[in-house]
Every structure is written in C-alpha cells, then in structure tokens.
Amino acid sequence: MPPNALPNHTVRLLTNTFREFAVALFVATLVFTAQIGSLLTPHNSFRMIWQTSDGLARAATILLVAAILWSVSTVALWKQWGWLCRGYEVLLMLLIADGLIALPDAGQHTDSRVRNAAFAAFMASFLVIGIQIGRPQFWFARFTRSICLIFSPFPIIVFFLLLTNQTWGPQREAKPTAGQWSVADKPQAHPVLFVVFDGWSWEQSTEDGRFLPNLEHANRLATNAVCFQHALSPATKTTYSLLELMYQTDLASEDAGNDSPWQPDDPHHLTRGKRSLFEQANEAGYNAAFIGFYIPHRRIHGDILDYCFSPSHWPKGDSFGEKMLMFVAHNFQYLRDPISQSLVRDLEPRIYSRFWHELNREIESEVAWFVAESPTNSLLFVHWGIPHRPFVFNADGTYYGHTGGDSRGPNDAAGYLRQLGYVDEVLGRLVAQLRSEGRYDDTLLIVTSDHGWRPDEDLRRVPLIVKLPGQKVGHVVTQPFCNNRLGPIIRQAMVSEVTTEDFVRHIEARGNEGPF
C-alpha cells in the first residue's frame, strides 16, 4: 500500500459519512423547500425586505438540521442500536413525505380542501411507512435513501438561490447626529409631522361628530385644530392609500388587479415623474424622514431621506439566531403532519402578537427620538401600525396578550376599541412631547388614517385632524375632503405662513379641486 494511502476501512468510513450527511442535507432542505419557495418570490422578498443575512440564516438553519439528523444516524450506527437505526429511517421517510406534500400548496394554505387533502396524503404516507417497519427487509428505506443521493445536488441549488436573492436594504439604520442632517437647522421653520394610523375608523371612533369621550387626547387636539368630519382616504387598502398620501395626488386604482402598486421589478412605475412629499421637502430646504413599517422605503425613496426606519410587516427576527428560530417556527405552517399543524395553531399567533406589540412600541420610540433630535426644518412621515389588528394593546401600551384565532387574531369590536385607547395615548404623548420641546405651536401636525376598520362600514371614511402652525382656535369642516389633497398646505407651511382662515376658505370654496 502506498505510504500516503488511507486504509480501506477509513475510506469506507469517510464514504459512508459523506453519504449519510448528503442524505440528511437533502432531507433537511426538502422540509424547508415550500417555505423557501414562498419567500423567494419577488413579491414576498420585497415585502419581507430581504437582506443577505436572511439568506445566510436560512442556509445555516438547514445545515444545522442536517447536522442533527446526521448525528443521530452516526450514533445509531456506532452503537449499533437497531431500534434507533430503524427509528431514524422512519423519521427520514416521514420528513420526506411531509416536505413533498407541502410543495404543491407552496405555503398558501388558504383552501381548506387543499389542507385536508394534504393532511390525508401525509396520513396515507404514515400508514405505508408503518406497514413497512415490520418487514424484515426494509427495502422502502433503502430505495428512499438512493433517491436522496440521486438528488443530493438539490441543496446546493437552494443555497445558491438563498445567497443570491435580491436584497432590499436595511430595516434599521444609524440615527444621524447633529451634523449629519442634509440641511442645517433653521429655527424659524415650521416642523411638519404627518402621522398615518393604520386602520383608524371614523365611524368607530366618533359619536355625533365628536371623538368618543374616552379618546380625550384626540378630542383635545381636535378642538384646537381643523377637524374634518367627512374625511376620506384615497383607497381602502394600505398599499394604495399610503402611496397616494406620500405623493399627495391621485396615482393608483385598486381596480388595477394588482395586490399592491409597489412592484418589486419597478417600484416607481406609478410615481415616475411625480414628486413625493420628501422631494418637495428637500426642495423647500427641509430634511425628510420616514418612520413606519411594511415595505423597503429606503430603497424606494433613496437618498432623499435623511433617516428611514422601515422594518418588514412580518416577524423574521433581528439577530442571526432569531432569524434561524423564526425560520423554523414559520415552517410549521407549511407542513401537514399533525404535530406541525397543532403547533402552528398556537405558535404562529403568539409570535405575531408579540411582534406587533414590539414593532409599534418601537415606532413610538423612533418618533419620540425624531421630535427631540431632528432640526426644526424637518418633515416626518409616520406609518403607525395601530389600531390595526392583532389587538394586543392595553390603552396604556402594555401587552394585553395573545387574542387567539389566526396570526392577526380575532376581528372583534372590544379588541378594536381597546386598541383605539392606545392610539389616543400615543397621540397624547406626541402632543405632550411637542409642547415640552417647545415645538407644538410652530408645527404643522397632520393626523389621519389610510383606511377604516372593517367591510361593513365605509372603509374610506377616516379621521383627519390638521393643526396649523400658530393655530389657537379650532374649526370643523363638514364637507367631504380627501386626505391626499393636503399637499398644498404642506408646501406652503414649509416656505411661508399660512392661516386657518386661508386654509378653511380654500377647502370650502374649492374642496378637493385645485391648488391651495
């Protein structure tokens, strides 16, 4: 034997080790394939705000699961425990069956007939495998292992897709310091704060044209501002309304047939040639910022924003370890075995409820930082997730708890009204901070919503409160007015003075038509 040659038993050991790991890696990849296929679609990776770390975390999770499976196999062979060897073979086949059955549904899991058929298919697989266990020659296991080895290059393809998927920028970024804002502070300027609460309904928040008595901060603000009793959002869906509110013009139609006007291949296809509020702010010598969630606003708006905070609307974890854990937790909804189905009914809603609470509290913290630290000549657009479900807030902002049902929880009136209490609380805190910072009198404060609450009401009917710089006396507007017609007042407030009388006169004379 040549001096550098390995003994035959060593070669066999290495070969068997490689084969066992290749099988384990294929099985681990297959179990997550349905979820990966869903995540890597352009639409979903755009909404998820996919980052390189997301792909790395998912690849690392698959490798870890494969290593665990391989370790079980190695121990079983080393100890020569027949029961563990047989149990490992059964586990592999069940995992393969689960992964294959999940593929056609691709994680949509919306049609009960599809879910039931998938569950029946898994149970049939379980029965077939159970029959084979008692056979002296477990040929089905050897056949399955051979198939795994044939398709062993499959994980490499999946890893390549995970690591080369298009990225959509950071969810969080470093806060600018005093010298990092694009425009120096102009103490005489009017700060502009445009706050959009998600799913805030006029009909559910008011009685006889006034906010409900328990919404004391909204009532107090409305009596010292211009309060619109028939304000309308541009559309009934967030993606359409938010777009038109940011550009303060008519851009999109919900009848277009797309789930969202923000298209990953061309996010600007509806706004090309239009100027957003952020661009108009820059032209007026203002800094511009976005604080909210949902889609990758930094990539959409680019360097025009001095600061951007825009996490995904779906919990995917912040640290690398959290991303791995979330990948595993979300995968239960794709699998059809009884254990996964039992886990997902309880686990998924709890994850999302806790995430929703933390996200909205983080938005509150970000807004508080901006009010305290930004230059006076700044425009901030806020997309706040509340009072949209899940209804996880107590009125003081503490965690009410998981409310059951699907990931968004039940759509009950009691939960909605409870969460409205938190909307009122953060509104009160915001006004109080503006006052403590000495900015309240000079600020143009706009508070509104992107749509109402539920389909049995007018989803476009929303609250709209506009507190003008220097305004001391309130005014009520009863005629219909769409909140994507506020662009002129915003532009004028950034370059000159504007009075309540001028604003009201324009609304009553022109309504939704023409410039201010």
# chains A, B, ... in the order shown; residues from 1 in each chain; ligands from 1
$ residues_around --residues "A:Val431" --least-positions-apart "3" --cutoff "12 Å" --atoms "only C-alpha atoms" --output "count of residues only"
30
$ select_by_dssp --residues "stretch 207-334 of chain A" --states "strand (DSSP E)" --output "list in words"
Glu207, Arg210, Phe211, Val226, Cys227, Phe228, Ala231, Leu232, Asn287, Ala288, Ala289, Phe290, Ile291, Tyr307, Cys308 and Phe309 of chain A
$ atom_distance --atom1 "atom CA of A:Glu216" --atom2 "atom CA of A:Trp356"
24.5 Å
$ closest_residue --among "A:Pro264, A:Pro191, A:Gly401, A:Gly273" --to "A:Leu251" --atoms "only C-alpha atoms"
A:Gly273
$ select_by_dssp --residues "stretch 333-463 of chain A" --states "helix (DSSP H, G or I)" --output "PyMOL selection string"
chain A and resi 338-373+413-436
$ atom_distance --atom1 "atom CA of A:Asn44" --atom2 "atom CA of A:Ala329"
17.6 Å
$ residues_around --residues "stretch 197-205 of chain A" --least-positions-apart "3" --cutoff "6 Å" --atoms "only C-alpha atoms" --output "list of chain:residue names"
A:Phe211, A:Leu212, A:Trp384, A:Gly385, A:Ile386, A:Pro387, A:His388, A:Ser449, A:Asp450, A:His451, A:Gly452, A:Trp453, A:Arg461, A:Val462, A:Pro463
$ write_last_selection --atoms "all heavy atoms" --output "compact mmCIF listing (two decimals), in the first residue's frame"
# COMPACT_ATOMS: atom_id res chain seq x y z
N PHE A 211 -65.16 62.84 18.76
CA PHE A 211 -64.48 61.63 19.18
C PHE A 211 -65.10 61.13 20.48
O PHE A 211 -65.60 61.91 21.30
CB PHE A 211 -62.99 61.89 19.37
CG PHE A 211 -62.24 62.04 18.07
CD1 PHE A 211 -61.91 63.30 17.59
CD2 PHE A 211 -61.89 60.92 17.33
CE1 PHE A 211 -61.23 63.45 16.39
CE2 PHE A 211 -61.21 61.06 16.12
CZ PHE A 211 -60.88 62.33 15.65
N LEU A 212 -65.05 59.81 20.67
CA LEU A 212 -65.63 59.20 21.86
C LEU A 212 -65.01 59.81 23.12
O LEU A 212 -63.83 60.20 23.13
CB LEU A 212 -65.39 57.69 21.84
CG LEU A 212 -66.04 56.92 20.67
CD1 LEU A 212 -65.58 55.46 20.69
CD2 LEU A 212 -67.55 57.01 20.74
N TRP A 384 -47.99 54.33 11.23
CA TRP A 384 -48.13 53.63 12.51
C TRP A 384 -49.05 52.44 12.34
O TRP A 384 -50.11 52.55 11.72
CB TRP A 384 -48.71 54.59 13.55
CG TRP A 384 -48.09 54.48 14.91
CD1 TRP A 384 -47.90 53.35 15.64
CD2 TRP A 384 -47.57 55.56 15.70
NE1 TRP A 384 -47.30 53.64 16.84
CE2 TRP A 384 -47.09 54.99 16.90
CE3 TRP A 384 -47.47 56.93 15.52
CZ2 TRP A 384 -46.51 55.76 17.91
CZ3 TRP A 384 -46.90 57.69 16.52
CH2 TRP A 384 -46.42 57.12 17.69
N GLY A 385 -48.70 51.29 12.89
CA GLY A 385 -49.47 50.06 12.66
C GLY A 385 -50.80 49.99 13.37
O GLY A 385 -51.69 49.25 12.97
N ILE A 386 -50.97 50.71 14.44
CA ILE A 386 -52.21 50.69 15.22
C ILE A 386 -53.25 51.62 14.61
O ILE A 386 -52.88 52.57 13.90
CB ILE A 386 -51.93 51.08 16.68
CG1 ILE A 386 -51.14 52.39 16.71
CG2 ILE A 386 -51.20 49.98 17.40
CD1 ILE A 386 -50.93 52.97 18.07
N PRO A 387 -54.56 51.36 14.80
CA PRO A 387 -55.16 50.30 15.62
C PRO A 387 -55.41 48.99 14.88
O PRO A 387 -56.23 48.18 15.31
CB PRO A 387 -56.49 50.93 16.02
CG PRO A 387 -56.87 51.77 14.85
CD PRO A 387 -55.56 52.33 14.34
N HIS A 388 -54.74 48.78 13.77
CA HIS A 388 -54.92 47.54 13.00
C HIS A 388 -54.64 46.34 13.90
O HIS A 388 -53.78 46.37 14.77
CB HIS A 388 -53.97 47.54 11.81
CG HIS A 388 -54.33 46.57 10.73
ND1 HIS A 388 -54.25 45.21 10.90
CD2 HIS A 388 -54.77 46.77 9.46
CE1 HIS A 388 -54.62 44.61 9.78
NE2 HIS A 388 -54.94 45.53 8.90
N SER A 449 -55.61 58.58 8.72
CA SER A 449 -55.50 57.13 8.54
C SER A 449 -55.52 56.78 7.07
O SER A 449 -55.91 57.59 6.22
CB SER A 449 -56.66 56.43 9.27
OG SER A 449 -56.57 55.03 9.13
N ASP A 450 -55.10 55.55 6.78
CA ASP A 450 -55.08 55.07 5.39
C ASP A 450 -56.39 54.40 4.98
O ASP A 450 -56.68 54.28 3.81
CB ASP A 450 -53.90 54.11 5.17
CG ASP A 450 -53.92 52.94 6.15
OD1 ASP A 450 -54.69 52.98 7.14
OD2 ASP A 450 -53.16 51.98 5.93
N HIS A 451 -57.15 53.92 5.96
CA HIS A 451 -58.45 53.31 5.68
C HIS A 451 -59.15 53.02 7.01
O HIS A 451 -58.56 53.17 8.09
CB HIS A 451 -58.31 52.02 4.86
CG HIS A 451 -57.46 50.97 5.49
ND1 HIS A 451 -57.87 50.21 6.57
CD2 HIS A 451 -56.19 50.56 5.22
CE1 HIS A 451 -56.90 49.37 6.91
NE2 HIS A 451 -55.86 49.56 6.12
N GLY A 452 -60.43 52.62 6.93
CA GLY A 452 -61.19 52.31 8.12
C GLY A 452 -60.92 50.92 8.64
O GLY A 452 -59.87 50.33 8.37
N TRP A 453 -61.91 50.38 9.35
CA TRP A 453 -61.67 49.13 10.07
C TRP A 453 -62.16 47.89 9.33
O TRP A 453 -61.38 47.01 8.97
CB TRP A 453 -62.31 49.21 11.45
CG TRP A 453 -62.24 47.92 12.23
CD1 TRP A 453 -61.25 46.98 12.17
CD2 TRP A 453 -63.20 47.43 13.16
NE1 TRP A 453 -61.52 45.93 13.03
CE2 TRP A 453 -62.72 46.18 13.65
CE3 TRP A 453 -64.40 47.92 13.64
CZ2 TRP A 453 -63.42 45.43 14.58
CZ3 TRP A 453 -65.08 47.17 14.59
CH2 TRP A 453 -64.60 45.94 15.04
N ARG A 461 -63.80 56.21 5.02
CA ARG A 461 -64.14 57.27 6.00
C ARG A 461 -63.15 57.19 7.16
O ARG A 461 -63.14 56.22 7.93
CB ARG A 461 -65.57 57.07 6.49
CG ARG A 461 -66.11 58.22 7.33
CD ARG A 461 -66.67 59.32 6.48
NE ARG A 461 -67.18 60.40 7.32
CZ ARG A 461 -68.43 60.45 7.77
NH1 ARG A 461 -69.29 59.49 7.46
NH2 ARG A 461 -68.83 61.48 8.50
N VAL A 462 -62.33 58.21 7.30
CA VAL A 462 -61.26 58.20 8.30
C VAL A 462 -61.21 59.51 9.05
O VAL A 462 -61.70 60.55 8.57
CB VAL A 462 -59.88 57.94 7.63
CG1 VAL A 462 -59.82 56.56 7.01
CG2 VAL A 462 -59.58 59.02 6.59
N PRO A 463 -60.60 59.52 10.23
CA PRO A 463 -60.36 60.78 10.93
C PRO A 463 -59.31 61.62 10.20
O PRO A 463 -58.40 61.07 9.55
CB PRO A 463 -59.84 60.34 12.30
CG PRO A 463 -60.28 58.92 12.45
CD PRO A 463 -60.25 58.36 11.07
$ closest_residue --among "A:Ala288, A:Gly421, A:Phe32, A:Pro480" --to "A:Asp303" --atoms "only C-alpha atoms"
A:Ala288
$ residues_around --residues "A:Ala225" --least-positions-apart "5" --cutoff "10 Å" --atoms "only C-alpha atoms" --output "ChimeraX atom specification"
/A:220,445-446,465-469,471-476,500
